[in-house]
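**Student:** The file below is work-v4.cif, mmCIF, C-alpha atoms (C1' of nucleotides):
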```
data_upload
loop_
_atom_site.label_atom_id
_atom_site.label_comp_id
_atom_site.auth_asym_id
_atom_site.auth_seq_id
_atom_site.Cartn_x
_atom_site.Cartn_y
_atom_site.Cartn_z
CA MET A 1 -18.25 -26.08 232.76
CA GLN A 2 -21.59 -26.70 234.46
CA LEU A 3 -20.52 -27.99 237.87
CA PRO A 4 -20.75 -26.85 241.48
CA PRO A 5 -17.54 -24.99 242.42
CA LEU A 6 -16.18 -27.79 244.61
CA CYS A 7 -16.56 -30.32 241.84
CA GLU A 8 -15.20 -27.99 239.22
CA ALA A 9 -12.02 -27.39 241.20
CA PHE A 10 -11.56 -31.12 241.64
CA VAL A 11 -12.23 -31.89 237.99
CA LEU A 12 -9.84 -29.23 236.74
CA HIS A 13 -7.05 -30.41 239.00
CA PHE A 14 -7.62 -33.99 238.03
CA GLY A 15 -7.49 -33.19 234.33
CA GLU A 16 -4.29 -31.27 234.87
CA MET A 17 -2.67 -34.12 236.79
CA GLY A 18 -3.86 -36.67 234.26
CA SER A 19 -2.11 -34.83 231.48
CA ARG A 20 1.15 -35.01 233.45
CA TRP A 21 0.75 -38.78 233.61
CA GLY A 22 0.26 -39.29 229.92
CA ILE A 23 -3.51 -39.19 230.10
CA ASN A 24 -5.45 -36.85 227.89
CA ARG A 25 -6.78 -34.00 229.97
CA THR A 26 -10.37 -34.49 228.85
CA VAL A 27 -10.29 -38.17 229.68
CA GLY A 28 -9.06 -37.28 233.14
CA GLN A 29 -11.86 -34.79 233.56
CA ILE A 30 -14.46 -37.30 232.47
CA TYR A 31 -13.19 -39.73 235.06
CA ALA A 32 -13.19 -37.05 237.73
CA VAL A 33 -16.77 -36.06 236.96
CA LEU A 34 -17.87 -39.66 237.24
CA PHE A 35 -15.84 -40.16 240.39
CA VAL A 36 -17.62 -37.44 242.34
CA ALA A 37 -21.06 -37.91 240.76
CA GLU A 38 -23.91 -38.94 243.03
CA ARG A 39 -25.35 -41.29 240.45
CA PRO A 40 -24.30 -42.97 237.21
CA LEU A 41 -24.17 -40.48 234.34
CA CYS A 42 -24.96 -40.83 230.67
CA ALA A 43 -22.84 -39.32 227.95
CA ASP A 44 -25.03 -36.25 227.64
CA ASP A 45 -24.76 -35.56 231.36
CA ILE A 46 -21.01 -35.38 230.85
CA VAL A 47 -21.35 -33.18 227.78
CA GLU A 48 -23.40 -30.76 229.85
CA ARG A 49 -21.07 -30.78 232.85
CA LEU A 50 -17.79 -30.42 230.96
CA GLY A 51 -19.00 -28.42 227.98
CA ILE A 52 -17.22 -30.60 225.43
CA SER A 53 -18.55 -32.28 222.32
CA ARG A 54 -20.58 -35.45 222.37
CA SER A 55 -18.06 -37.26 220.20
CA ASN A 56 -15.23 -36.31 222.50
CA VAL A 57 -17.13 -37.80 225.41
CA SER A 58 -17.77 -40.93 223.41
CA MET A 59 -14.07 -41.37 222.72
CA GLY A 60 -13.14 -40.62 226.29
CA LEU A 61 -15.55 -43.17 227.67
CA LYS A 62 -14.26 -45.74 225.24
CA GLU A 63 -10.74 -45.07 226.41
CA LEU A 64 -11.72 -45.41 230.07
CA GLN A 65 -13.53 -48.63 229.34
CA ALA A 66 -10.46 -50.00 227.60
CA TRP A 67 -8.70 -49.35 230.91
CA ASN A 68 -11.41 -51.23 232.79
CA LEU A 69 -12.09 -48.19 234.87
CA LEU A 70 -15.85 -47.90 234.47
CA ARG A 71 -18.95 -49.76 235.60
CA GLN A 72 -21.83 -49.69 233.17
CA ARG A 73 -25.31 -49.34 234.65
CA SER A 74 -28.73 -49.59 233.09
CA VAL A 75 -31.62 -47.43 234.16
CA ALA A 76 -35.08 -48.98 233.81
CA GLY A 77 -37.11 -47.43 231.02
CA ASP A 78 -34.14 -45.54 229.60
CA ARG A 79 -32.25 -46.64 226.53
CA ARG A 80 -29.17 -44.65 227.26
CA GLU A 81 -26.09 -46.15 228.85
CA PHE A 82 -24.99 -44.92 232.23
CA PHE A 83 -21.50 -44.96 233.60
CA ALA A 84 -20.01 -44.86 237.05
CA THR A 85 -16.66 -45.43 238.70
CA PRO A 86 -16.39 -48.38 241.09
CA ASP A 87 -17.50 -47.44 244.59
CA ASP A 88 -14.46 -49.04 246.13
CA ILE A 89 -11.52 -46.73 245.65
CA TYR A 90 -9.08 -49.51 246.43
CA ALA A 91 -10.51 -51.46 243.53
CA ILE A 92 -9.91 -48.44 241.32
CA VAL A 93 -6.28 -48.22 242.29
CA ARG A 94 -5.77 -51.93 241.82
CA THR A 95 -7.21 -51.72 238.32
CA LEU A 96 -5.08 -48.72 237.48
CA VAL A 97 -1.91 -50.43 238.60
CA ASP A 98 -2.82 -53.73 236.94
CA GLU A 99 -3.51 -52.08 233.61
CA ARG A 100 -0.46 -49.89 233.69
CA LYS A 101 1.65 -52.92 234.57
CA LYS A 102 0.16 -54.94 231.75
CA ARG A 103 0.69 -52.22 229.17
CA GLU A 104 4.00 -50.75 230.23
CA ILE A 105 5.92 -52.77 232.77
CA ASP A 106 5.41 -56.23 231.31
CA PRO A 107 6.49 -55.24 227.80
CA THR A 108 9.52 -53.55 229.33
CA LEU A 109 10.46 -56.73 231.17
CA THR A 110 10.04 -58.69 227.94
CA MET A 111 12.26 -56.25 226.09
CA LEU A 112 14.92 -56.38 228.79
CA ARG A 113 14.93 -60.18 228.85
CA GLU A 114 15.21 -60.28 225.11
CA LEU A 115 18.18 -57.91 225.09
CA LEU A 116 19.85 -59.77 227.95
CA MET A 117 19.75 -63.00 225.94
CA ARG A 118 21.76 -61.57 223.09
CA SER A 119 25.53 -61.86 223.20
CA PRO A 120 27.21 -58.48 223.35
CA ASP A 121 29.40 -57.45 220.42
CA SER A 122 31.54 -54.94 222.26
CA GLU A 123 32.58 -53.66 225.60
CA ALA A 124 29.93 -50.95 225.30
CA GLU A 125 27.21 -53.53 224.83
CA ARG A 126 28.56 -55.64 227.66
CA HIS A 127 28.31 -52.68 229.99
CA ALA A 128 24.87 -51.74 228.72
CA GLN A 129 23.70 -55.25 229.48
CA ASP A 130 25.00 -54.98 233.02
CA ARG A 131 22.90 -51.89 233.50
CA MET A 132 19.89 -53.52 231.93
CA ARG A 133 20.35 -56.48 234.23
CA GLU A 134 20.22 -54.19 237.24
CA MET A 135 17.09 -52.58 235.93
CA HIS A 136 15.50 -55.93 235.18
CA GLU A 137 16.20 -57.18 238.68
CA LEU A 138 14.76 -54.09 240.27
CA ILE A 139 11.59 -54.20 238.23
CA GLU A 140 11.16 -57.87 239.01
CA LEU A 141 11.59 -57.19 242.68
CA MET A 142 8.94 -54.49 242.63
CA THR A 143 6.43 -56.29 240.44
CA GLY A 144 6.94 -59.45 242.48
CA TRP A 145 6.15 -57.54 245.62
CA TYR A 146 3.10 -56.02 244.01
CA SER A 147 1.68 -59.24 242.61
CA ASP A 148 2.04 -60.71 246.04
CA VAL A 149 0.55 -57.84 248.00
CA GLN A 150 -2.22 -57.36 245.46
CA LYS A 151 -3.73 -60.65 246.52
CA LEU A 152 -4.37 -59.42 250.03
CA GLU A 153 -7.85 -58.34 251.02
CA THR A 154 -8.14 -54.61 251.39
CA GLU A 155 -8.31 -54.89 255.17
CA ARG A 156 -5.00 -56.66 255.25
CA LEU A 157 -3.46 -54.28 252.77
CA ILE A 158 -4.41 -51.29 254.88
CA GLN A 159 -2.97 -52.96 257.93
CA LEU A 160 0.27 -53.61 256.10
CA LEU A 161 0.60 -50.12 254.66
CA SER A 162 -0.25 -48.48 257.98
CA LEU A 163 2.58 -50.35 259.56
CA GLY A 164 5.08 -48.90 257.11
CA SER A 165 8.65 -49.72 257.94
CA LYS A 166 7.65 -50.91 261.37
CA VAL A 167 7.32 -54.34 259.80
CA VAL A 168 11.04 -54.43 259.78
CA LYS A 169 10.96 -54.38 263.53
CA VAL A 170 8.54 -57.26 263.46
CA LEU A 171 10.98 -59.14 261.28
CA ASP A 172 13.76 -58.49 263.71
CA PHE A 173 11.49 -59.75 266.44
CA LYS A 174 10.80 -62.90 264.46
CA ASP A 175 14.50 -63.51 263.91
CA LYS A 176 15.12 -63.03 267.56
CA ILE A 177 12.50 -65.58 268.53
CA LEU A 178 13.66 -68.06 265.91
CA THR A 179 17.27 -67.90 266.95
CA LEU A 180 16.49 -68.42 270.61
CA PRO A 181 18.02 -71.66 271.84
CA GLY A 182 15.30 -74.27 271.45
CA GLY A 183 13.34 -71.89 269.13
CA LYS A 184 9.67 -72.25 268.21
CA GLY A 185 8.17 -74.95 266.06
CA LYS A 186 6.03 -74.95 262.92
CA ALA A 187 4.19 -71.64 263.39
CA ALA A 188 7.46 -69.77 263.58
CA ARG A 189 9.08 -71.51 260.63
CA ASP A 190 6.03 -70.84 258.42
CA ALA A 191 6.12 -67.15 259.15
CA MET B 1 20.97 -43.02 215.72
CA GLN B 2 24.63 -43.85 216.26
CA LEU B 3 24.44 -46.62 218.85
CA PRO B 4 25.21 -50.33 219.05
CA PRO B 5 22.04 -52.33 218.30
CA LEU B 6 21.51 -53.43 221.90
CA CYS B 7 21.65 -49.88 223.16
CA GLU B 8 19.52 -48.57 220.35
CA ALA B 9 16.74 -51.03 221.13
CA PHE B 10 16.87 -50.06 224.79
CA VAL B 11 16.90 -46.35 224.06
CA LEU B 12 13.99 -46.54 221.65
CA HIS B 13 11.87 -48.53 224.06
CA PHE B 14 12.70 -46.19 226.89
CA GLY B 15 11.75 -43.14 224.86
CA GLU B 16 8.49 -44.80 223.92
CA MET B 17 7.66 -45.66 227.53
CA GLY B 18 8.66 -42.23 228.72
CA SER B 19 6.18 -40.62 226.40
CA ARG B 20 3.43 -42.77 227.88
CA TRP B 21 4.33 -41.43 231.31
CA GLY B 22 4.15 -37.81 230.36
CA ILE B 23 7.85 -37.50 229.62
CA ASN B 24 8.98 -36.10 226.32
CA ARG B 25 10.31 -38.93 224.18
CA THR B 26 13.64 -37.24 223.55
CA VAL B 27 14.22 -36.60 227.22
CA GLY B 28 13.58 -40.28 227.88
CA GLN B 29 16.06 -41.23 225.20
CA ILE B 30 18.70 -38.92 226.61
CA TYR B 31 18.30 -40.53 230.00
CA ALA B 32 18.47 -44.00 228.50
CA VAL B 33 21.67 -43.19 226.64
CA LEU B 34 23.27 -41.92 229.81
CA PHE B 35 21.98 -44.87 231.78
CA VAL B 36 23.73 -47.47 229.62
CA ALA B 37 26.82 -45.38 228.84
CA GLU B 38 30.18 -46.66 230.04
CA ARG B 39 31.37 -43.21 231.00
CA PRO B 40 29.93 -39.74 231.57
CA LEU B 41 28.90 -38.09 228.30
CA CYS B 42 28.99 -34.50 227.16
CA ALA B 43 26.20 -32.89 225.22
CA ASP B 44 27.86 -33.49 221.87
CA ASP B 45 28.24 -37.19 222.63
CA ILE B 46 24.49 -37.29 223.00
CA VAL B 47 23.91 -35.29 219.84
CA GLU B 48 25.99 -37.82 217.98
CA ARG B 49 24.34 -40.88 219.52
CA LEU B 50 20.74 -39.74 219.14
CA GLY B 51 21.06 -37.63 216.02
CA ILE B 52 19.12 -34.69 217.45
CA SER B 53 20.02 -31.02 217.60
CA ARG B 54 22.40 -29.58 220.13
CA SER B 55 19.78 -27.24 221.50
CA ASN B 56 17.35 -30.09 222.00
CA VAL B 57 19.98 -31.92 224.04
CA SER B 58 20.61 -28.81 226.07
CA MET B 59 16.93 -28.50 226.93
CA GLY B 60 16.64 -32.18 227.68
CA LEU B 61 19.58 -32.13 230.06
CA LYS B 62 18.18 -29.10 231.79
CA GLU B 63 14.90 -30.90 232.28
CA LEU B 64 16.61 -33.98 233.70
CA GLN B 65 18.66 -31.83 236.04
CA ALA B 66 15.51 -30.14 237.27
CA TRP B 67 14.38 -33.64 238.19
CA ASN B 68 17.61 -34.28 240.05
CA LEU B 69 18.30 -37.26 237.87
CA LEU B 70 21.83 -36.49 236.75
CA ARG B 71 25.30 -36.39 238.21
CA GLN B 72 27.61 -33.80 236.75
CA ARG B 73 31.23 -34.80 236.25
CA SER B 74 34.27 -32.81 235.26
CA VAL B 75 37.03 -34.18 233.09
CA ALA B 76 40.49 -32.78 233.73
CA GLY B 77 41.69 -30.50 230.98
CA ASP B 78 38.29 -30.36 229.29
CA ARG B 79 35.96 -27.41 229.60
CA ARG B 80 32.89 -29.31 228.61
CA GLU B 81 30.42 -30.61 231.14
CA PHE B 82 29.87 -34.34 231.42
CA PHE B 83 26.76 -36.05 232.65
CA ALA B 84 25.97 -39.45 234.07
CA THR B 85 23.13 -41.19 235.82
CA PRO B 86 23.72 -42.29 239.42
CA ASP B 87 25.36 -45.70 239.60
CA ASP B 88 22.92 -46.91 242.20
CA ILE B 89 19.67 -47.74 240.49
CA TYR B 90 17.81 -47.71 243.79
CA ALA B 91 18.89 -44.12 244.25
CA ILE B 92 17.48 -43.35 240.83
CA VAL B 93 14.11 -44.80 241.67
CA ARG B 94 14.01 -43.01 245.00
CA THR B 95 14.69 -39.70 243.29
CA LEU B 96 12.07 -40.37 240.66
CA VAL B 97 9.42 -41.16 243.24
CA ASP B 98 10.42 -38.25 245.47
CA GLU B 99 10.21 -35.76 242.64
CA ARG B 100 6.98 -37.08 241.29
CA LYS B 101 5.51 -37.00 244.77
CA LYS B 102 6.67 -33.44 245.31
CA ARG B 103 5.28 -32.20 242.01
CA GLU B 104 2.09 -34.15 241.70
CA ILE B 105 0.99 -35.96 244.81
CA ASP B 106 1.66 -33.24 247.35
CA PRO B 107 -0.21 -30.55 245.39
CA THR B 108 -3.09 -32.97 245.00
CA LEU B 109 -3.20 -33.55 248.74
CA THR B 110 -3.18 -29.81 249.30
CA MET B 111 -6.02 -29.34 246.84
CA LEU B 112 -8.05 -32.10 248.46
CA ARG B 113 -7.55 -30.70 251.94
CA GLU B 114 -8.55 -27.27 250.77
CA LEU B 115 -11.74 -28.55 249.16
CA LEU B 116 -12.56 -30.66 252.21
CA MET B 117 -12.43 -27.57 254.43
CA ARG B 118 -15.16 -25.78 252.51
CA SER B 119 -18.74 -26.26 253.55
CA PRO B 120 -20.78 -27.92 250.84
CA ASP B 121 -23.62 -25.93 249.29
CA SER B 122 -25.65 -28.86 248.07
CA GLU B 123 -26.19 -32.54 248.29
CA ALA B 124 -24.03 -32.95 245.18
CA GLU B 125 -21.13 -31.17 246.86
CA ARG B 126 -21.62 -33.13 250.04
CA HIS B 127 -21.32 -36.36 248.13
CA ALA B 128 -18.35 -35.10 246.13
CA GLN B 129 -16.59 -34.30 249.38
CA ASP B 130 -17.20 -37.82 250.65
CA ARG B 131 -15.48 -39.17 247.59
CA MET B 132 -12.64 -36.71 247.94
CA ARG B 133 -12.25 -37.73 251.55
CA GLU B 134 -11.85 -41.36 250.51
CA MET B 135 -9.26 -40.37 247.95
CA HIS B 136 -7.43 -38.20 250.43
CA GLU B 137 -7.27 -41.01 252.96
CA LEU B 138 -5.97 -43.46 250.42
CA ILE B 139 -3.27 -41.14 249.17
CA GLU B 140 -2.22 -40.37 252.73
CA LEU B 141 -2.02 -44.07 253.49
CA MET B 142 0.20 -44.70 250.49
CA THR B 143 2.46 -41.69 250.88
CA GLY B 144 2.75 -42.42 254.58
CA TRP B 145 3.89 -45.92 253.81
CA TYR B 146 6.34 -44.62 251.25
CA SER B 147 7.87 -41.92 253.41
CA ASP B 148 8.38 -44.55 256.04
CA VAL B 149 9.85 -47.23 253.83
CA GLN B 150 11.96 -44.74 251.96
CA LYS B 151 14.08 -44.25 255.06
CA LEU B 152 15.23 -47.86 255.04
CA GLU B 153 18.65 -48.70 253.72
CA THR B 154 18.52 -50.44 250.38
CA GLU B 155 19.45 -53.76 251.94
CA ARG B 156 16.50 -53.60 254.24
CA LEU B 157 14.18 -52.43 251.48
CA ILE B 158 15.12 -55.38 249.32
CA GLN B 159 14.54 -57.72 252.20
CA LEU B 160 11.11 -56.22 252.77
CA LEU B 161 10.07 -56.28 249.13
CA SER B 162 11.32 -59.82 248.65
CA LEU B 163 9.11 -60.95 251.45
CA GLY B 164 6.02 -59.58 249.75
CA SER B 165 2.80 -60.52 251.47
CA LYS B 166 4.59 -63.07 253.57
CA VAL B 167 5.06 -60.27 256.09
CA VAL B 168 1.40 -60.73 256.89
CA LYS B 169 2.20 -64.18 258.12
CA VAL B 170 4.88 -62.72 260.28
CA LEU B 171 2.34 -60.33 261.70
CA ASP B 172 -0.02 -63.19 262.45
CA PHE B 173 2.84 -64.94 264.11
CA LYS B 174 3.52 -61.88 266.20
CA ASP B 175 -0.14 -61.63 267.22
CA LYS B 176 -0.14 -65.26 268.16
CA ILE B 177 2.86 -64.89 270.39
CA LEU B 178 1.50 -61.75 271.97
CA THR B 179 -1.87 -63.28 272.79
CA LEU B 180 -0.38 -66.39 274.33
CA PRO B 181 -1.29 -66.62 277.99
CA GLY B 182 1.65 -65.07 279.79
CA GLY B 183 2.86 -63.61 276.41
CA LYS B 184 6.24 -62.01 275.85
CA GLY B 185 7.43 -58.76 277.31
CA LYS B 186 8.91 -55.58 275.92
CA ALA B 187 10.50 -56.96 272.73
CA ALA B 188 7.19 -58.29 271.52
CA ARG B 189 5.22 -55.18 272.34
CA ASP B 190 7.73 -52.96 270.54
CA ALA B 191 7.53 -54.96 267.35
"C1'" DC C 1 40.67 -8.33 229.27
"C1'" DT C 2 40.20 -10.98 225.09
"C1'" DC C 3 38.75 -14.53 222.49
"C1'" DA C 4 37.52 -19.01 221.39
"C1'" DA C 5 34.93 -22.78 223.09
"C1'" DT C 6 30.75 -24.10 225.07
"C1'" DT C 7 26.11 -23.62 226.59
"C1'" DT C 8 21.58 -21.47 226.67
"C1'" DT C 9 17.72 -19.08 224.85
"C1'" DC C 10 14.02 -18.50 221.86
"C1'" DA C 11 11.16 -17.45 217.64
"C1'" DG C 12 8.95 -19.85 214.51
"C1'" DG C 13 8.16 -23.98 211.72
"C1'" DA C 14 7.31 -29.21 212.07
"C1'" DA C 15 5.05 -32.83 214.16
"C1'" DT C 16 1.80 -34.60 217.06
"C1'" DT C 17 -2.24 -34.78 219.66
"C1'" DC C 18 -6.75 -33.26 220.45
"C1'" DC C 19 -11.45 -31.97 219.38
"C1'" DT C 20 -15.44 -31.18 216.61
"C1'" DG C 21 -19.45 -31.64 213.51
"C1'" DA C 22 -21.35 -34.40 210.15
"C1'" DA C 23 -22.40 -38.74 208.63
"C1'" DA C 24 -22.67 -43.57 209.42
"C1'" DT C 25 -23.96 -47.22 212.40
"C1'" DA C 26 -26.37 -49.43 216.07
"C1'" DT C 27 -30.24 -50.23 219.18
"C1'" DT C 28 -34.90 -50.80 220.64
"C1'" DG C 29 -39.84 -49.81 221.52
"C1'" DG C 30 -43.76 -50.17 218.92
"C1'" DC D 1 -39.59 -53.57 209.94
"C1'" DC D 2 -39.85 -48.68 210.98
"C1'" DA D 3 -38.74 -44.65 213.20
"C1'" DA D 4 -36.88 -42.45 216.90
"C1'" DT D 5 -33.10 -42.34 219.84
"C1'" DA D 6 -28.47 -43.24 221.01
"C1'" DT D 7 -23.67 -44.17 219.91
"C1'" DT D 8 -19.52 -44.42 217.08
"C1'" DT D 9 -16.48 -43.16 213.48
"C1'" DC D 10 -13.58 -40.15 211.18
"C1'" DA D 11 -11.77 -36.31 208.18
"C1'" DG D 12 -9.90 -32.21 208.84
"C1'" DG D 13 -9.14 -28.01 211.49
"C1'" DA D 14 -7.52 -26.26 216.25
"C1'" DA D 15 -4.42 -26.50 219.86
"C1'" DT D 16 -0.45 -28.07 221.84
"C1'" DT D 17 3.99 -29.84 222.11
"C1'" DC D 18 8.34 -30.52 220.13
"C1'" DC D 19 12.52 -29.38 217.66
"C1'" DT D 20 15.71 -26.60 215.21
"C1'" DG D 21 19.05 -23.03 213.74
"C1'" DA D 22 20.57 -18.63 214.70
"C1'" DA D 23 21.92 -15.54 217.97
"C1'" DA D 24 22.98 -14.32 222.66
"C1'" DA D 25 25.13 -15.41 226.91
"C1'" DT D 26 28.52 -17.66 229.63
"C1'" DT D 27 32.88 -19.58 230.74
"C1'" DG D 28 37.67 -19.93 231.44
"C1'" DA D 29 42.44 -20.24 229.49
"C1'" DG D 30 45.94 -17.28 228.23
#
```
For this file, write the structure as structure tokens.
**Tutor:**
Amino acid sequence: MQLPPLCEAFVLHFGEMGSRWGINRTVGQIYAVLFVAERPLCADDIVERLGISRSNVSMGLKELQAWNLLRQRSVAGDRREFFATPDDIYAIVRTLVDERKKREIDPTLTMLRELLMRSPDSEAERHAQDRMREMHELIELMTGWYSDVQKLETERLIQLLSLGSKVVKVLDFKDKILTLPGGKGKAARDA
Amino acid sequence: MQLPPLCEAFVLHFGEMGSRWGINRTVGQIYAVLFVAERPLCADDIVERLGISRSNVSMGLKELQAWNLLRQRSVAGDRREFFATPDDIYAIVRTLVDERKKREIDPTLTMLRELLMRSPDSEAERHAQDRMREMHELIELMTGWYSDVQKLETERLIQLLSLGSKVVKVLDFKDKILTLPGGKGKAARDA
DNA sequence: CTCAATTTTCAGGAATTCCTGAAATATTGG
DNA sequence: CCAATATTTCAGGAATTCCTGAAAATTGAG
């Protein structure tokens, strides 16, 4: 591996973590290399840095592109393609979550709905459906929250996350205000 | 596979999804079987339902126990051990997130902090550290939010998630109240 | 303590996933 | 259209992960 020590440590860890999340180690390493790179890299840059075969890099990049995780850049007077990760790390996370949702959560919701439509043929199936219903509700709750929060600008999102569970206190505060005799008007009801 | 069709479909899907998340397919199936089961199951029940070897079940159960995902039940007058998933699906998700955080996120934070302490030996390393710093901040933001929200009772959590980004409106509302000339007192400032 | 029931361990074969080099395909400056 | 450069595909070997049966270890009733 032809990388400065700091980068190498990062890349190795990232590859390791990737493989625990169902991502091929090499693909994780390719992403890590691009993530810390100062400039867009071409495939051969990655070959050199990771010491893996050109074809492996090609497949890895294709995989990352299928996940929408790369920006493709052209360099004037150079035929090769250059790749970079988005500069905005929040955009990266949003993409990751969106893609994972699309590929894994949505099909799971579809499957659950389909199974919940069927009429159970036994007590065992009836109970299984109850459990599936709980799971379906929970996933809907979480994806609903996400699809809502996802629309916020990053600034707002950071504000919200920083607040953590303190929002609950704000909610209490709102309730308090709203239940005051002669409570507030439109602004309060909208909130 | 010796399962009613509804359960079989669920178990197969779950195993498939598990393997995309870095969980051995069989382990995912074992969990799924337990999740929809009407009563705690012993290892041989699982062997029968999934049609896999006894030793494979033993290893799978051990793995799930290491993840804190099982409840162990005794049946009077029976030496065998029986296993079940927690009844409360929210508890399941909390455990899952906690364990994943402990095993993957926390070590990543440690690694990032360690690399951020080192003094960079080149422009490349300096830039890499900038990127790592961004990543570190983002992960801290998210885990901070989680460790905060995690403390809420389930009721409260559901309330919060249901609200989605509408909380932002509540925050605006709060700001509005607070910036009114002669704004509210302690209650408002606390929120 | 003994013994039968139950669970765990683990070596090695099966299955799967990963990676490579060679060949095919695509692209573009001239 | 050619030739040089760049990228992709893919068969098959390498590496890894998974699973099994046999044997060892553990457990607890008698």
**Student:** Need the shell around B:Pro120: protein/DNA/RNA residues with any atom at most 10 Å away, counting all atoms listed in the file. Skip same-chain ones fewer than 6 positions apart. Format as a compact mmCIF listing (two decimals) with C-alpha atoms, keeping the file's coordinate frame?
**Tutor:**
```txt
# COMPACT_ATOMS: atom_id res chain seq x y z
CA PRO A 4 -20.75 -26.85 241.48
CA PRO A 5 -17.54 -24.99 242.42
CA LEU A 6 -16.18 -27.79 244.61
CA ARG B 126 -21.62 -33.13 250.04
CA HIS B 127 -21.32 -36.36 248.13
CA ALA B 128 -18.35 -35.10 246.13
CA GLN B 129 -16.59 -34.30 249.38
```
**Student:** Applying the PyMOL selection byres ((chain B) within 10 of (chain D)) to the file I just gave you, which residues come out? Please list them as a ChimeraX atom specification.
**Tutor:** /B:24-26,52-56,79-80
**Student:** Name the residues captured by the PyMOL selection byres ((chain B and resi 85-94) around 12) when it is applied to the shown file; answer as a short mmCIF file (atom, residue, chain, number, x, y, z; two decimals) with C-alpha atoms, in the frame of the given file.
**Tutor:**
```
data_model
loop_
_atom_site.label_atom_id
_atom_site.label_comp_id
_atom_site.auth_asym_id
_atom_site.auth_seq_id
_atom_site.Cartn_x
_atom_site.Cartn_y
_atom_site.Cartn_z
CA ASP A 130 25.00 -54.98 233.02
CA ARG A 131 22.90 -51.89 233.50
CA MET A 132 19.89 -53.52 231.93
CA ARG A 133 20.35 -56.48 234.23
CA GLU A 134 20.22 -54.19 237.24
CA MET A 135 17.09 -52.58 235.93
CA HIS A 136 15.50 -55.93 235.18
CA GLU A 137 16.20 -57.18 238.68
CA LEU A 138 14.76 -54.09 240.27
CA ILE A 139 11.59 -54.20 238.23
CA LEU A 141 11.59 -57.19 242.68
CA MET A 142 8.94 -54.49 242.63
CA ILE B 30 18.70 -38.92 226.61
CA TYR B 31 18.30 -40.53 230.00
CA ALA B 32 18.47 -44.00 228.50
CA VAL B 33 21.67 -43.19 226.64
CA LEU B 34 23.27 -41.92 229.81
CA PHE B 35 21.98 -44.87 231.78
CA VAL B 36 23.73 -47.47 229.62
CA ALA B 37 26.82 -45.38 228.84
CA GLU B 38 30.18 -46.66 230.04
CA ARG B 39 31.37 -43.21 231.00
CA PRO B 40 29.93 -39.74 231.57
CA LEU B 41 28.90 -38.09 228.30
CA LEU B 61 19.58 -32.13 230.06
CA LEU B 64 16.61 -33.98 233.70
CA GLN B 65 18.66 -31.83 236.04
CA TRP B 67 14.38 -33.64 238.19
CA ASN B 68 17.61 -34.28 240.05
CA LEU B 69 18.30 -37.26 237.87
CA LEU B 70 21.83 -36.49 236.75
CA ARG B 71 25.30 -36.39 238.21
CA GLN B 72 27.61 -33.80 236.75
CA ARG B 73 31.23 -34.80 236.25
CA PHE B 82 29.87 -34.34 231.42
CA PHE B 83 26.76 -36.05 232.65
CA ALA B 84 25.97 -39.45 234.07
CA THR B 95 14.69 -39.70 243.29
CA LEU B 96 12.07 -40.37 240.66
CA VAL B 97 9.42 -41.16 243.24
CA ASP B 98 10.42 -38.25 245.47
CA GLU B 99 10.21 -35.76 242.64
CA ARG B 100 6.98 -37.08 241.29
CA LYS B 101 5.51 -37.00 244.77
CA TYR B 146 6.34 -44.62 251.25
CA SER B 147 7.87 -41.92 253.41
CA VAL B 149 9.85 -47.23 253.83
CA GLN B 150 11.96 -44.74 251.96
CA LYS B 151 14.08 -44.25 255.06
CA LEU B 152 15.23 -47.86 255.04
CA GLU B 153 18.65 -48.70 253.72
CA THR B 154 18.52 -50.44 250.38
CA GLU B 155 19.45 -53.76 251.94
CA LEU B 157 14.18 -52.43 251.48
CA ILE B 158 15.12 -55.38 249.32
#
```
**Student:** Using all atoms listed in the file, which residues of chain C come within 8 Å of chain B, and what is the closest atom pair for each, with the distance in Å to one decimal? Give it as a Markdown table, sorted by chain and residue number.
**Tutor:**
```
| residue | atom | partner | partner_atom | distance |
| --- | --- | --- | --- | --- |
| C:DT6 | C1' | B:Arg80 | CA | 6.7 |
| C:DT7 | C1' | B:Ser58 | CA | 7.6 |
| C:DT8 | C1' | B:Ser58 | CA | 7.4 |
```
**Student:** Would you mind telling me which residue in B:Leu50, B:Val27, B:Val11, B:Met17 lies nearest to chain A when using all atoms listed in the file?
**Tutor:** B:Met17
**Student:** Set the cut-off to 6 Å and count all atoms listed in the file: what are the residues of chain A that reach chain B? Output as a PyMOL selection string.
**Tutor:** chain A and resi 20-22+36+128+131+145+148-149+161+164-165+169-170+191
**Student:** Quick one: distance from atom CA of B:Gly15 to atom CA of B:Val75 in Å, one decimal?
**Tutor:**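 Taking atom CA of B:Gly15 and atom CA of B:Val75, their separation equals 28.1 Å.
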**Student:** Provide the atom C1' of C:DG29 to atom CA of A:Asp44 distance in Å, to one decimal place.
**Tutor:**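 Computing it gives 21.0 Å between the two atoms.
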**Student:** Could you tell me how far atom CA of B:Cys42 lies from atom C1' of C:DA14, in Å and to one decimal?
**Tutor:**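 Rounded to one decimal, the two atoms are 26.9 Å apart.
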